[in-house]
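One structure is given below, encoded as structure tokens.
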Amino acid sequence: MNEDLRNVVLGVLATGLSASLGWLTRTYLWRRRLRRKQAFFGLRDGSECLLVVNRQAGSERAVHHVDVSALLELSALIKDCGARPEIVQHDEARQGLGDRAEFCVGGPYSNRRMAAHLSSLLPGMTMNVESEPAADRGMFTVGGEEYRLVNGATEHVILARLTGGEGGLPVFLLCGQAAVANRAASRYLARHHEKLARKYGSGPFVLLLKIVNSDAYGPDVVELVADVTTAARTAPASEPAAS
């Protein structure tokens, strides 16, 4: 074998070895990111999770078209983790927490399961479900602060990751003052789940988000108002009984 041929063979071998190492490295990094994503969402290959949907106001079975978009974004997240979503109407989801990961969408006025989650998992937070007075409709109260809804200008949403039950798998709450807020929360979760996983790991968090000028920007302009994890998960002190 002359020197030129030997150099060609060595070059081909080096190129093949470099390509193989690059492929192995990319595969390893992709699998590591996937495992972290699965751990954050409580999902694994072939598992099932619960996707609880709310109803559109004034209807018993229909889902608001904007909430459908939020469900599609969540379904894509779930499928990226190799899991399968089981979509269940809010009034048909009669099972406990922790056995399966869960995504629950919609406010307590349109989602009974969300109302139950807020009562049991977030005792320090309330959402007004009364229609009157109109200015207080949908208002969040947490940590002594009130967050009102201004349709088309300022809508708020609670995005939470919580755990309960013996299984220990998480439930994600997307509880918005309007359908556009629910979609904004699903989009925020899809975009920032890696950052949230680095900050909170497998622990709980409760974030209050604000959607800015949805009439102009839809669900795309979202601001983090506050991390209200401690306040929302702490039951208010009971007032002493009158003597």
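Letters for chains follow the order of the structure tokens (A, B, ...), residue numbers begin at 1 for each chain, and ligand numbers begin at 1 in the order shown.
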
* Just asking: which residues within segment 4-240 of chain A are alpha helix (DSSP H) according to DSSP, as number ranges by chain? -> A: 4-41, 65-80, 112-121, 179-200, 214-217, 229-233

Any chance you can output those residues with C-alpha atoms as an mmCIF file, in the first residue's frame?
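What follows is the written file again24.cif:
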data_model
loop_
_atom_site.group_PDB
_atom_site.id
_atom_site.type_symbol
_atom_site.label_atom_id
_atom_site.label_comp_id
_atom_site.auth_asym_id
_atom_site.auth_seq_id
_atom_site.Cartn_x
_atom_site.Cartn_y
_atom_site.Cartn_z
ATOM 1 C CA ASP A 4 -1.226 8.215 -0.753
ATOM 2 C CA LEU A 5 -3.620 5.273 -0.473
ATOM 3 C CA ARG A 6 -2.768 4.838 3.202
ATOM 4 C CA ASN A 7 -3.566 8.510 3.845
ATOM 5 C CA VAL A 8 -6.922 8.160 2.079
ATOM 6 C CA VAL A 9 -7.836 5.076 4.132
ATOM 7 C CA LEU A 10 -6.794 6.743 7.375
ATOM 8 C CA GLY A 11 -8.813 9.834 6.435
ATOM 9 C CA VAL A 12 -11.919 7.749 5.756
ATOM 10 C CA LEU A 13 -11.493 5.895 9.035
ATOM 11 C CA ALA A 14 -11.014 9.127 10.965
ATOM 12 C CA THR A 15 -14.089 10.651 9.339
ATOM 13 C CA GLY A 16 -16.171 7.572 10.148
ATOM 14 C CA LEU A 17 -14.936 7.509 13.738
ATOM 15 C CA SER A 18 -15.642 11.232 14.171
ATOM 16 C CA ALA A 19 -19.168 10.855 12.734
ATOM 17 C CA SER A 20 -19.867 7.877 15.003
ATOM 18 C CA LEU A 21 -18.674 9.724 18.084
ATOM 19 C CA GLY A 22 -20.747 12.757 17.112
ATOM 20 C CA TRP A 23 -23.849 10.616 16.643
ATOM 21 C CA LEU A 24 -23.301 8.854 19.974
ATOM 22 C CA THR A 25 -22.813 12.183 21.749
ATOM 23 C CA ARG A 26 -25.951 13.690 20.221
ATOM 24 C CA THR A 27 -27.949 10.564 21.077
ATOM 25 C CA TYR A 28 -26.699 10.600 24.664
ATOM 26 C CA LEU A 29 -27.554 14.294 25.101
ATOM 27 C CA TRP A 30 -30.985 13.810 23.504
ATOM 28 C CA ARG A 31 -31.758 10.859 25.791
ATOM 29 C CA ARG A 32 -30.588 12.764 28.854
ATOM 30 C CA ARG A 33 -32.839 15.733 27.975
ATOM 31 C CA LEU A 34 -35.723 13.348 27.358
ATOM 32 C CA ARG A 35 -35.246 11.647 30.739
ATOM 33 C CA ARG A 36 -35.166 15.012 32.505
ATOM 34 C CA LYS A 37 -38.308 16.087 30.672
ATOM 35 C CA GLN A 38 -40.060 12.824 31.539
ATOM 36 C CA ALA A 39 -39.062 13.154 35.196
ATOM 37 C CA PHE A 40 -40.355 16.734 35.372
ATOM 38 C CA PHE A 41 -43.729 15.831 33.881
ATOM 39 C CA HIS A 65 -62.009 26.587 20.938
ATOM 40 C CA VAL A 66 -59.106 28.413 22.618
ATOM 41 C CA ASP A 67 -58.974 25.726 25.317
ATOM 42 C CA VAL A 68 -58.839 23.125 22.531
ATOM 43 C CA SER A 69 -55.621 24.794 21.341
ATOM 44 C CA ALA A 70 -54.226 24.550 24.877
ATOM 45 C CA LEU A 71 -55.119 20.849 24.991
ATOM 46 C CA LEU A 72 -53.355 20.273 21.671
ATOM 47 C CA GLU A 73 -50.174 21.913 22.979
ATOM 48 C CA LEU A 74 -50.277 19.800 26.131
ATOM 49 C CA SER A 75 -50.916 16.653 24.086
ATOM 50 C CA ALA A 76 -47.816 17.407 22.011
ATOM 51 C CA LEU A 77 -45.752 17.729 25.219
ATOM 52 C CA ILE A 78 -47.108 14.416 26.479
ATOM 53 C CA LYS A 79 -46.409 12.597 23.224
ATOM 54 C CA ASP A 80 -42.874 14.023 23.104
ATOM 55 C CA ARG A 112 -65.204 20.760 38.976
ATOM 56 C CA ARG A 113 -61.943 18.873 39.344
ATOM 57 C CA MET A 114 -60.028 22.137 39.306
ATOM 58 C CA ALA A 115 -62.295 23.393 42.100
ATOM 59 C CA ALA A 116 -61.439 20.285 44.117
ATOM 60 C CA HIS A 117 -57.704 20.721 43.466
ATOM 61 C CA LEU A 118 -57.741 24.357 44.548
ATOM 62 C CA SER A 119 -59.585 23.481 47.744
ATOM 63 C CA SER A 120 -57.343 20.576 48.744
ATOM 64 C CA LEU A 121 -53.945 21.523 47.285
ATOM 65 C CA ALA A 179 -59.613 30.749 27.967
ATOM 66 C CA VAL A 180 -56.768 32.773 26.453
ATOM 67 C CA ALA A 181 -54.998 32.598 29.828
ATOM 68 C CA ASN A 182 -55.233 28.805 29.859
ATOM 69 C CA ARG A 183 -53.608 28.674 26.440
ATOM 70 C CA ALA A 184 -50.935 31.143 27.514
ATOM 71 C CA ALA A 185 -50.109 28.875 30.467
ATOM 72 C CA SER A 186 -49.800 25.802 28.238
ATOM 73 C CA ARG A 187 -47.512 27.712 25.888
ATOM 74 C CA TYR A 188 -45.445 29.039 28.804
ATOM 75 C CA LEU A 189 -45.065 25.503 30.151
ATOM 76 C CA ALA A 190 -43.980 24.180 26.748
ATOM 77 C CA ARG A 191 -41.408 26.939 26.305
ATOM 78 C CA HIS A 192 -39.991 27.078 29.829
ATOM 79 C CA HIS A 193 -40.234 23.539 31.231
ATOM 80 C CA GLU A 194 -36.444 23.081 31.135
ATOM 81 C CA LYS A 195 -35.902 26.301 33.080
ATOM 82 C CA LEU A 196 -38.618 25.335 35.561
ATOM 83 C CA ALA A 197 -37.089 21.864 35.998
ATOM 84 C CA ARG A 198 -33.673 23.375 36.736
ATOM 85 C CA LYS A 199 -35.142 25.772 39.303
ATOM 86 C CA TYR A 200 -37.668 23.535 41.065
ATOM 87 C CA SER A 214 -54.516 39.681 24.629
ATOM 88 C CA ASP A 215 -56.777 41.611 22.251
ATOM 89 C CA ALA A 216 -53.633 42.595 20.353
ATOM 90 C CA TYR A 217 -51.129 39.857 21.160
ATOM 91 C CA THR A 229 -45.921 28.769 46.098
ATOM 92 C CA THR A 230 -45.701 29.325 49.846
ATOM 93 C CA ALA A 231 -48.709 31.630 50.142
ATOM 94 C CA ALA A 232 -50.981 29.493 47.962
ATOM 95 C CA ARG A 233 -50.114 26.244 49.733
#

* To do: Looking only at strand (DSSP E or B) from DSSP on the backbone, list the matching residues of segment 92-190 of chain A as a ChimeraX atom specification.
  => /A:102-105,125-127,140-142,145-147,150,154-163,170-176

* Between A:Cys175, A:Met125, A:Ala135, A:Ala83, which has the minimum distance to Val53 of chain A (counting only C-alpha atoms)? -> A:Cys175

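In this comparison, which uses only C-alpha atoms, the residue of A:Ala153, A:Met127, A:Ile87, A:Cys49 approaching Ala101 of chain A most closely is A:Cys49.
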
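Counting only C-alpha atoms, the residue from A:Gly138, A:Gly218, A:Gly167, A:Pro85 that sits nearest to Pro108 of chain A is A:Gly138.
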
* Could you tell me how far atom CA of Ala235 of chain A lies from atom CA of Gly96 of chain A, in Å and to one decimal? => 21.2 Å
